[in-house]
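**Student:** Below you'll find the structure I mean.
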Amino acid sequence: MQDWNHDRAKALGDIIFINGHVLTGELNAPPASAVAIRLGKVVAVGGDDEARAWAGHGVEVVDLNGRTIAPGMNDAHCHPFYTGAAKHNVDAGSPPNRNVADIVARVAERARETPAGIWVQARGYDQARLDDQRHPTRHDLDSVSSDNPVVVVRACGHIGVANSRALALAGIDRNTADPPGGTIDRDEHGEPTGVVREAALQMIQEQIPAPTTEQIKEYLLLAGADYLSKGVTNWAEAGVHTPEHMRAYIELQQEGRLPLRTYLMMMIDETLDHLISLGIKTGFGDEWLRIGPAKFFIDGSIGGRTARMSQPYVGEESNLGLWMDDDLDAVKQRFIKAHKAGFQCCAHAIGDAAISLLLDAYEEALAEAPRADHRHRIEHCSIIDYDLVQRIKHVGAVPIPGTTFLYAFKDAYLQNLGRDRIRYAYGMNTFYEHGIVAAASTDAPVVDISAVLGLQTMMTRRTADGELVWPEESISLEEAVRAYTWNGAYASFEEDIKGSFAPGKVGDAVVFETDLSKVDPGAVGGVQVDMTVADGRVVYSR
């Protein structure tokens, strides 16, 4: 990545692209071959001569030679801090790991080089993709890590496995009750297996020393470099919990080193009262750092069988998943309070019961305090049916689907829910048909940060092993790009300043290595990014 320093961040760039295939972020846009950016803003979109008219002394003119250029991609829901931190963790994903033994071997290697008493952290496993078809256990980890507390977190981030030392630090033993909003898996003798879900995982993670502001900044910069290399210039940080987390973003912006335009989701329980007391609400900030919605977690994950469902999970007739707070009226009151304070609202809501509850909350909030353009969001919005689609449309909510979730986790979805119940999962075509603006996201590090993989999955509905999953939900290249650009800007009330190529909008762009319209949709995920531009400045070049 090219140096992104204070001076370059403050400066505004001039660059002109000609002889390309322009995807503007708009639907049914007139054909265009060129884009001109002056002083960091788009000034022309159209033919080569129109763009060249803005050329002047020192203005770079890039001949695309037929390559595709599009607005900078927008990841509408991700976790940049955790994405950067994951680079320091043991890789528990599949590939490369084929079974629990492979994961344990990697943990053992890290434990050997880690001083006694220091935490060993791993992330990324999915039991549905392992040959064993099971979670690791504390016994697996104890065999290689007696001197270090260890936690291995599933890809979804909602389930983990702790060794005996970590369990002891958290005070978890056979006599420990399940915490509200979480469960501790136990064997036939009532002993913890090491598998901890939701709030029980938090009990483990609370024992890990909290990162400093400087460490968080380091992680954000690491994540940012990767995102820029994938053509992503905007991200929505899906949960600010602590002052250190907020301070890291503010300091990076003040230093001119914030790598991507950032929309911050502020956790309701931890930050809402403070923000209200200061008179701060959604929209406060500028083009690079802006306060976004007030957020709450309603349920868990499909892979962990903790997303709250209206029907039981396959093979577990008593399991409907978990509520993060069993006081459902209190949950709704959180959103009503945030709505009345002027906030956009959002919630992690994956199961259909969780999504229904969230829509109930939005309907009650709007009945008490009508607001014409609230754009309240549904993060993930995974398991829905046609009736919920109609309710989403009626409420005016904005779904934020994980557009590569089925690509990565199809096996877990089918095992836990069956095929029929995922008919509308991440159904981009249905959203478009009903005039619902749904913004593409990764939820990284849950899945890969790759925007082109998201485009491919939306266009094909094919999973990592090539299986088709409800291809009725496939959409066109133009629709997929719009979901990753303009729709994301709409979800943050910023469609007037970014998300498409139009005069006056920010000069952010991604240049792909080829013409995407000539690539087989099933191969789009392998296309590389040649250049990423922010404010008219090249911030990444392959």
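Note on naming: chains are A, B, ... as they come in the structure tokens, residues start from 1 per chain, ligands start from 1 in the order shown.
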Give the helix (DSSP H, G or I) residues of region 342-417 of chain A, as DSSP finds them on the backbone, and put them as a count of residues only.
**Tutor:** 40
**Student:** With only C-alpha atoms as the counted atoms, please give the residues lying no more than 12 Å from Gln205 (chain A), apart from itself and same-chain residues fewer than 6 positions off, as a PyMOL selection string.
**Tutor:** chain A and resi 119-121+149-153+157-162+166-167+169-170+196-199+211
**Student:** Keeping only N, CA and C atoms, take the residues you just selected and write them out as an mmCIF file, in the first residue's frame.
**Tutor:**
data_model
loop_
_atom_site.group_PDB
_atom_site.id
_atom_site.type_symbol
_atom_site.label_atom_id
_atom_site.label_comp_id
_atom_site.auth_asym_id
_atom_site.auth_seq_id
_atom_site.Cartn_x
_atom_site.Cartn_y
_atom_site.Cartn_z
ATOM 1 N N TRP A 119 -2.227 -15.144 27.371
ATOM 2 C CA TRP A 119 -3.319 -15.738 26.609
ATOM 3 C C TRP A 119 -2.886 -16.145 25.204
ATOM 4 N N VAL A 120 -3.399 -17.284 24.765
ATOM 5 C CA VAL A 120 -3.305 -17.721 23.371
ATOM 6 C C VAL A 120 -4.716 -17.650 22.792
ATOM 7 N N GLN A 121 -4.866 -16.891 21.699
ATOM 8 C CA GLN A 121 -6.183 -16.702 21.103
ATOM 9 C C GLN A 121 -6.180 -17.209 19.664
ATOM 10 N N PRO A 149 -3.710 -19.705 29.388
ATOM 11 C CA PRO A 149 -5.149 -19.703 29.102
ATOM 12 C C PRO A 149 -5.357 -19.602 27.594
ATOM 13 N N VAL A 150 -6.302 -20.363 27.081
ATOM 14 C CA VAL A 150 -6.544 -20.432 25.635
ATOM 15 C C VAL A 150 -8.032 -20.262 25.357
ATOM 16 N N VAL A 151 -8.348 -19.502 24.328
ATOM 17 C CA VAL A 151 -9.720 -19.451 23.826
ATOM 18 C C VAL A 151 -9.667 -19.514 22.307
ATOM 19 N N VAL A 152 -10.485 -20.389 21.734
ATOM 20 C CA VAL A 152 -10.605 -20.533 20.288
ATOM 21 C C VAL A 152 -12.028 -20.131 19.925
ATOM 22 N N VAL A 153 -12.170 -19.062 19.168
ATOM 23 C CA VAL A 153 -13.487 -18.495 18.861
ATOM 24 C C VAL A 153 -13.943 -18.976 17.492
ATOM 25 N N GLY A 157 -18.036 -15.588 15.923
ATOM 26 C CA GLY A 157 -17.731 -14.731 17.061
ATOM 27 C C GLY A 157 -18.691 -14.883 18.225
ATOM 28 N N HIS A 158 -19.636 -15.809 18.128
ATOM 29 C CA HIS A 158 -20.647 -15.966 19.171
ATOM 30 C C HIS A 158 -20.416 -17.198 20.047
ATOM 31 N N ILE A 159 -19.494 -18.050 19.655
ATOM 32 C CA ILE A 159 -19.185 -19.274 20.389
ATOM 33 C C ILE A 159 -17.678 -19.388 20.484
ATOM 34 N N GLY A 160 -17.209 -19.920 21.596
ATOM 35 C CA GLY A 160 -15.792 -20.173 21.745
ATOM 36 C C GLY A 160 -15.544 -21.445 22.532
ATOM 37 N N VAL A 161 -14.285 -21.862 22.528
ATOM 38 C CA VAL A 161 -13.858 -23.019 23.307
ATOM 39 C C VAL A 161 -12.687 -22.579 24.167
ATOM 40 N N ALA A 162 -12.797 -22.815 25.456
ATOM 41 C CA ALA A 162 -11.764 -22.409 26.403
ATOM 42 C C ALA A 162 -11.106 -23.642 27.022
ATOM 43 N N ALA A 166 -8.383 -21.211 31.253
ATOM 44 C CA ALA A 166 -9.237 -20.063 30.933
ATOM 45 C C ALA A 166 -10.571 -20.169 31.655
ATOM 46 N N LEU A 167 -11.151 -21.353 31.704
ATOM 47 C CA LEU A 167 -12.408 -21.546 32.427
ATOM 48 C C LEU A 167 -12.255 -21.179 33.894
ATOM 49 N N LEU A 169 -10.082 -19.096 35.235
ATOM 50 C CA LEU A 169 -9.939 -17.645 35.381
ATOM 51 C C LEU A 169 -11.300 -16.957 35.332
ATOM 52 N N ALA A 170 -12.215 -17.508 34.554
ATOM 53 C CA ALA A 170 -13.560 -16.928 34.432
ATOM 54 C C ALA A 170 -14.497 -17.424 35.527
ATOM 55 N N VAL A 196 -18.420 -22.496 25.116
ATOM 56 C CA VAL A 196 -19.185 -21.435 25.775
ATOM 57 C C VAL A 196 -19.850 -20.585 24.708
ATOM 58 N N ARG A 197 -21.098 -20.214 24.948
ATOM 59 C CA ARG A 197 -21.890 -19.532 23.928
ATOM 60 C C ARG A 197 -22.361 -18.167 24.433
ATOM 61 N N GLU A 198 -22.264 -17.182 23.542
ATOM 62 C CA GLU A 198 -22.773 -15.833 23.798
ATOM 63 C C GLU A 198 -22.233 -15.250 25.102
ATOM 64 N N ALA A 199 -23.099 -14.946 26.083
ATOM 65 C CA ALA A 199 -22.658 -14.291 27.312
ATOM 66 C C ALA A 199 -21.635 -15.121 28.081
ATOM 67 N N PRO A 211 -7.171 -4.135 25.172
ATOM 68 C CA PRO A 211 -6.161 -3.453 24.369
ATOM 69 C C PRO A 211 -6.120 -1.962 24.689
#
**Student:** Which residues are close to Gly13 (chain A), i.e. within 6 Å by only C-alpha atoms, leaving aside same-chain residues fewer than 5 positions away? Reply as number ranges by chain.
**Tutor:** A: 39-40, 535-537
**Student:** Keeping only N, CA, C and O atoms, write those residues as a short mmCIF file (atom, residue, chain, number, x, y, z; two decimals), in the first residue's frame.
**Tutor:**
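To be explicit, this is the file written out as result-v8.cif:
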data_model
loop_
_atom_site.label_atom_id
_atom_site.label_comp_id
_atom_site.auth_asym_id
_atom_site.auth_seq_id
_atom_site.Cartn_x
_atom_site.Cartn_y
_atom_site.Cartn_z
N LEU A 39 -9.71 18.17 -7.22
CA LEU A 39 -9.76 18.62 -5.83
C LEU A 39 -10.57 17.64 -4.96
O LEU A 39 -11.34 18.03 -4.08
N GLY A 40 -10.39 16.36 -5.24
CA GLY A 40 -10.98 15.32 -4.40
C GLY A 40 -12.43 15.02 -4.68
O GLY A 40 -13.01 14.16 -4.01
N ASP A 535 -10.55 10.47 -2.18
CA ASP A 535 -10.39 11.92 -2.34
C ASP A 535 -9.46 12.26 -3.50
O ASP A 535 -8.71 13.23 -3.46
N GLY A 536 -9.52 11.45 -4.56
CA GLY A 536 -8.70 11.72 -5.74
C GLY A 536 -7.25 11.34 -5.59
O GLY A 536 -6.45 11.58 -6.51
N ARG A 537 -6.87 10.71 -4.49
CA ARG A 537 -5.50 10.28 -4.25
C ARG A 537 -5.41 8.77 -4.31
O ARG A 537 -6.28 8.07 -3.78
#
**Student:** Would you mind reading off the distance between CA of Glu191 (chain A) and CA of His139 (chain A), one decimal, in Å?
**Tutor:**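 CA of Glu191 (chain A) sits 11.5 Å away from CA of His139 (chain A).
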**Student:** Name all residues at most 12 Å from Phe501 (chain A) (count only C-alpha atoms; drop same-chain ones fewer than 5 positions away) and give them as an NGL selection string.
**Tutor:** :A and (22-27 or 29-30 or 32-37 or 41-46 or 69-73 or 482 or 485-486 or 495-496 or 506-510)
**Student:** For the selection just defined, write its residues with N, CA, C and O atoms to a file, as a tab-separated table (two decimals), in the first residue's frame.
**Tutor:**
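In the end it all went to result34.tsv:
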chain	number	residue	atom	x	y	z
A	22	VAL	N	-17.20	2.00	-17.04
A	22	VAL	CA	-17.58	2.66	-15.80
A	22	VAL	C	-18.87	2.06	-15.26
A	22	VAL	O	-19.90	2.05	-15.94
A	23	LEU	N	-18.80	1.55	-14.04
A	23	LEU	CA	-19.99	1.17	-13.29
A	23	LEU	C	-20.22	2.30	-12.30
A	23	LEU	O	-19.44	2.48	-11.37
A	24	THR	N	-21.28	3.07	-12.50
A	24	THR	CA	-21.44	4.32	-11.75
A	24	THR	C	-22.00	4.14	-10.35
A	24	THR	O	-21.97	5.06	-9.54
A	25	GLY	N	-22.54	2.95	-10.05
A	25	GLY	CA	-23.28	2.78	-8.79
A	25	GLY	C	-24.75	3.07	-8.94
A	25	GLY	O	-25.53	2.85	-8.01
A	26	GLU	N	-25.15	3.56	-10.10
A	26	GLU	CA	-26.55	3.81	-10.41
A	26	GLU	C	-27.08	2.67	-11.28
A	26	GLU	O	-26.32	2.02	-12.01
A	27	LEU	N	-28.38	2.45	-11.24
A	27	LEU	CA	-29.00	1.46	-12.12
A	27	LEU	C	-29.47	2.14	-13.40
A	27	LEU	O	-29.92	3.28	-13.38
A	29	ALA	N	-27.80	3.38	-15.77
A	29	ALA	CA	-27.04	4.60	-16.07
A	29	ALA	C	-26.61	4.59	-17.54
A	29	ALA	O	-26.38	3.52	-18.13
A	30	PRO	N	-26.49	5.76	-18.16
A	30	PRO	CA	-25.98	5.81	-19.54
A	30	PRO	C	-24.57	5.24	-19.60
A	30	PRO	O	-23.80	5.35	-18.63
A	32	ALA	N	-20.70	4.87	-19.96
A	32	ALA	CA	-19.65	5.84	-19.71
A	32	ALA	C	-18.30	5.13	-19.78
A	32	ALA	O	-18.18	3.96	-19.43
A	33	SER	N	-17.30	5.88	-20.23
A	33	SER	CA	-15.95	5.32	-20.35
A	33	SER	C	-14.94	6.06	-19.50
A	33	SER	O	-13.78	5.65	-19.42
A	34	ALA	N	-15.37	7.18	-18.86
A	34	ALA	CA	-14.38	8.02	-18.20
A	34	ALA	C	-14.96	8.68	-16.95
A	34	ALA	O	-16.17	8.92	-16.85
A	35	VAL	N	-14.05	8.98	-16.01
A	35	VAL	CA	-14.40	9.70	-14.78
A	35	VAL	C	-13.28	10.70	-14.51
A	35	VAL	O	-12.10	10.35	-14.58
A	36	ALA	N	-13.66	11.93	-14.20
A	36	ALA	CA	-12.68	12.95	-13.83
A	36	ALA	C	-12.89	13.37	-12.39
A	36	ALA	O	-14.03	13.62	-11.96
A	37	ILE	N	-11.79	13.46	-11.64
A	37	ILE	CA	-11.82	13.87	-10.24
A	37	ILE	C	-10.87	15.05	-10.09
A	37	ILE	O	-9.69	14.96	-10.46
A	41	LYS	N	-13.05	15.71	-5.66
A	41	LYS	CA	-14.46	15.50	-5.96
A	41	LYS	C	-14.64	15.08	-7.42
A	41	LYS	O	-13.88	15.50	-8.31
A	42	VAL	N	-15.66	14.27	-7.66
A	42	VAL	CA	-16.00	13.92	-9.03
A	42	VAL	C	-16.52	15.17	-9.75
A	42	VAL	O	-17.37	15.90	-9.21
A	43	VAL	N	-16.00	15.40	-10.95
A	43	VAL	CA	-16.46	16.56	-11.73
A	43	VAL	C	-17.07	16.17	-13.05
A	43	VAL	O	-17.80	16.96	-13.67
A	44	ALA	N	-16.78	14.94	-13.52
A	44	ALA	CA	-17.34	14.52	-14.81
A	44	ALA	C	-17.42	13.00	-14.86
A	44	ALA	O	-16.52	12.30	-14.39
A	45	VAL	N	-18.51	12.53	-15.46
A	45	VAL	CA	-18.70	11.10	-15.73
A	45	VAL	C	-19.31	11.00	-17.12
A	45	VAL	O	-20.36	11.60	-17.38
A	46	GLY	N	-18.66	10.27	-18.02
A	46	GLY	CA	-19.21	10.17	-19.37
A	46	GLY	C	-18.17	9.69	-20.35
A	46	GLY	O	-17.48	8.70	-20.12
A	69	ILE	N	-13.99	0.52	-13.75
A	69	ILE	CA	-13.83	1.41	-12.61
A	69	ILE	C	-15.21	1.59	-11.96
A	69	ILE	O	-16.23	1.68	-12.66
A	70	ALA	N	-15.24	1.59	-10.65
A	70	ALA	CA	-16.48	1.74	-9.90
A	70	ALA	C	-16.23	2.63	-8.69
A	70	ALA	O	-15.08	2.87	-8.30
A	71	PRO	N	-17.28	3.15	-8.07
A	71	PRO	CA	-17.08	3.91	-6.83
A	71	PRO	C	-16.41	3.01	-5.78
A	71	PRO	O	-16.55	1.78	-5.81
A	72	GLY	N	-15.71	3.63	-4.85
A	72	GLY	CA	-15.12	2.86	-3.77
A	72	GLY	C	-16.17	2.01	-3.08
A	72	GLY	O	-17.28	2.47	-2.80
A	73	MET	N	-15.84	0.75	-2.81
A	73	MET	CA	-16.79	-0.16	-2.19
A	73	MET	C	-17.07	0.26	-0.74
A	73	MET	O	-16.24	0.89	-0.08
A	482	ARG	N	-24.21	-1.77	-7.01
A	482	ARG	CA	-25.01	-0.76	-6.30
A	482	ARG	C	-25.20	-1.15	-4.84
A	482	ARG	O	-25.13	-0.30	-3.95
A	485	THR	N	-22.21	-0.09	-3.00
A	485	THR	CA	-21.79	1.32	-3.09
A	485	THR	C	-22.91	2.24	-2.64
A	485	THR	O	-22.98	2.64	-1.49
A	486	TRP	N	-23.84	2.56	-3.55
A	486	TRP	CA	-24.91	3.51	-3.23
A	486	TRP	C	-25.77	3.04	-2.07
A	486	TRP	O	-26.13	3.84	-1.19
A	495	GLU	N	-25.88	9.18	0.80
A	495	GLU	CA	-25.96	8.97	-0.64
A	495	GLU	C	-25.79	10.26	-1.43
A	495	GLU	O	-25.51	10.23	-2.63
A	496	ASP	N	-25.93	11.41	-0.78
A	496	ASP	CA	-25.72	12.68	-1.48
A	496	ASP	C	-24.25	13.04	-1.61
A	496	ASP	O	-23.90	13.94	-2.39
A	506	VAL	N	-17.68	12.56	-3.46
A	506	VAL	CA	-16.27	12.34	-3.12
A	506	VAL	C	-15.60	11.51	-4.21
A	506	VAL	O	-16.21	10.62	-4.81
A	507	GLY	N	-14.34	11.80	-4.42
A	507	GLY	CA	-13.57	11.15	-5.47
A	507	GLY	C	-12.96	9.85	-5.02
A	507	GLY	O	-11.73	9.72	-4.97
A	508	ASP	N	-13.79	8.88	-4.69
A	508	ASP	CA	-13.34	7.55	-4.28
A	508	ASP	C	-13.65	6.57	-5.41
A	508	ASP	O	-14.76	6.58	-5.97
A	509	ALA	N	-12.69	5.69	-5.72
A	509	ALA	CA	-12.89	4.77	-6.83
A	509	ALA	C	-12.06	3.52	-6.65
A	509	ALA	O	-11.07	3.50	-5.92
A	510	VAL	N	-12.49	2.47	-7.34
A	510	VAL	CA	-11.72	1.23	-7.40
A	510	VAL	C	-11.58	0.84	-8.87
A	510	VAL	O	-12.56	0.87	-9.63
**Student:** Give me, as a ChimeraX atom specification, all polymer residues having an atom no more than 7 Å from Ser145 (chain A), counting only C-alpha atoms and skipping those fewer than 4 positions away in the same chain.
**Tutor:** /A:108,111,141
**Student:** With N, CA, C and O atoms retained, export the selected residues as a short mmCIF file (atom, residue, chain, number, x, y, z; two decimals), in the first residue's frame.
**Tutor:**
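Result went into out_27.cif, see below:
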data_model
loop_
_atom_site.label_atom_id
_atom_site.label_comp_id
_atom_site.auth_asym_id
_atom_site.auth_seq_id
_atom_site.Cartn_x
_atom_site.Cartn_y
_atom_site.Cartn_z
N ALA A 108 -0.90 -25.41 19.74
CA ALA A 108 0.29 -25.92 20.42
C ALA A 108 1.53 -25.16 19.97
O ALA A 108 2.40 -24.80 20.80
N ALA A 111 1.45 -21.80 21.60
CA ALA A 111 1.67 -21.90 23.04
C ALA A 111 3.14 -22.11 23.37
O ALA A 111 3.65 -21.58 24.38
N LEU A 141 -7.68 -28.85 24.04
CA LEU A 141 -6.75 -27.74 24.26
C LEU A 141 -5.83 -27.98 25.45
O LEU A 141 -4.66 -27.58 25.42
#
**Student:** Can you tell me how far CA of Asn89 (chain A) sits from CA of Gln127 (chain A), in Å to one decimal?
**Tutor:** 18.4 Å
**Student:** Go through A:Gly56, A:Asp299, A:Phe81, A:Val538 and flag the residue nearest Leu12 (chain A), using only C-alpha atoms for the distances.
**Tutor:**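 Looking only at the distances to Leu12 (chain A), the closest residue turns out to be A:Val538.
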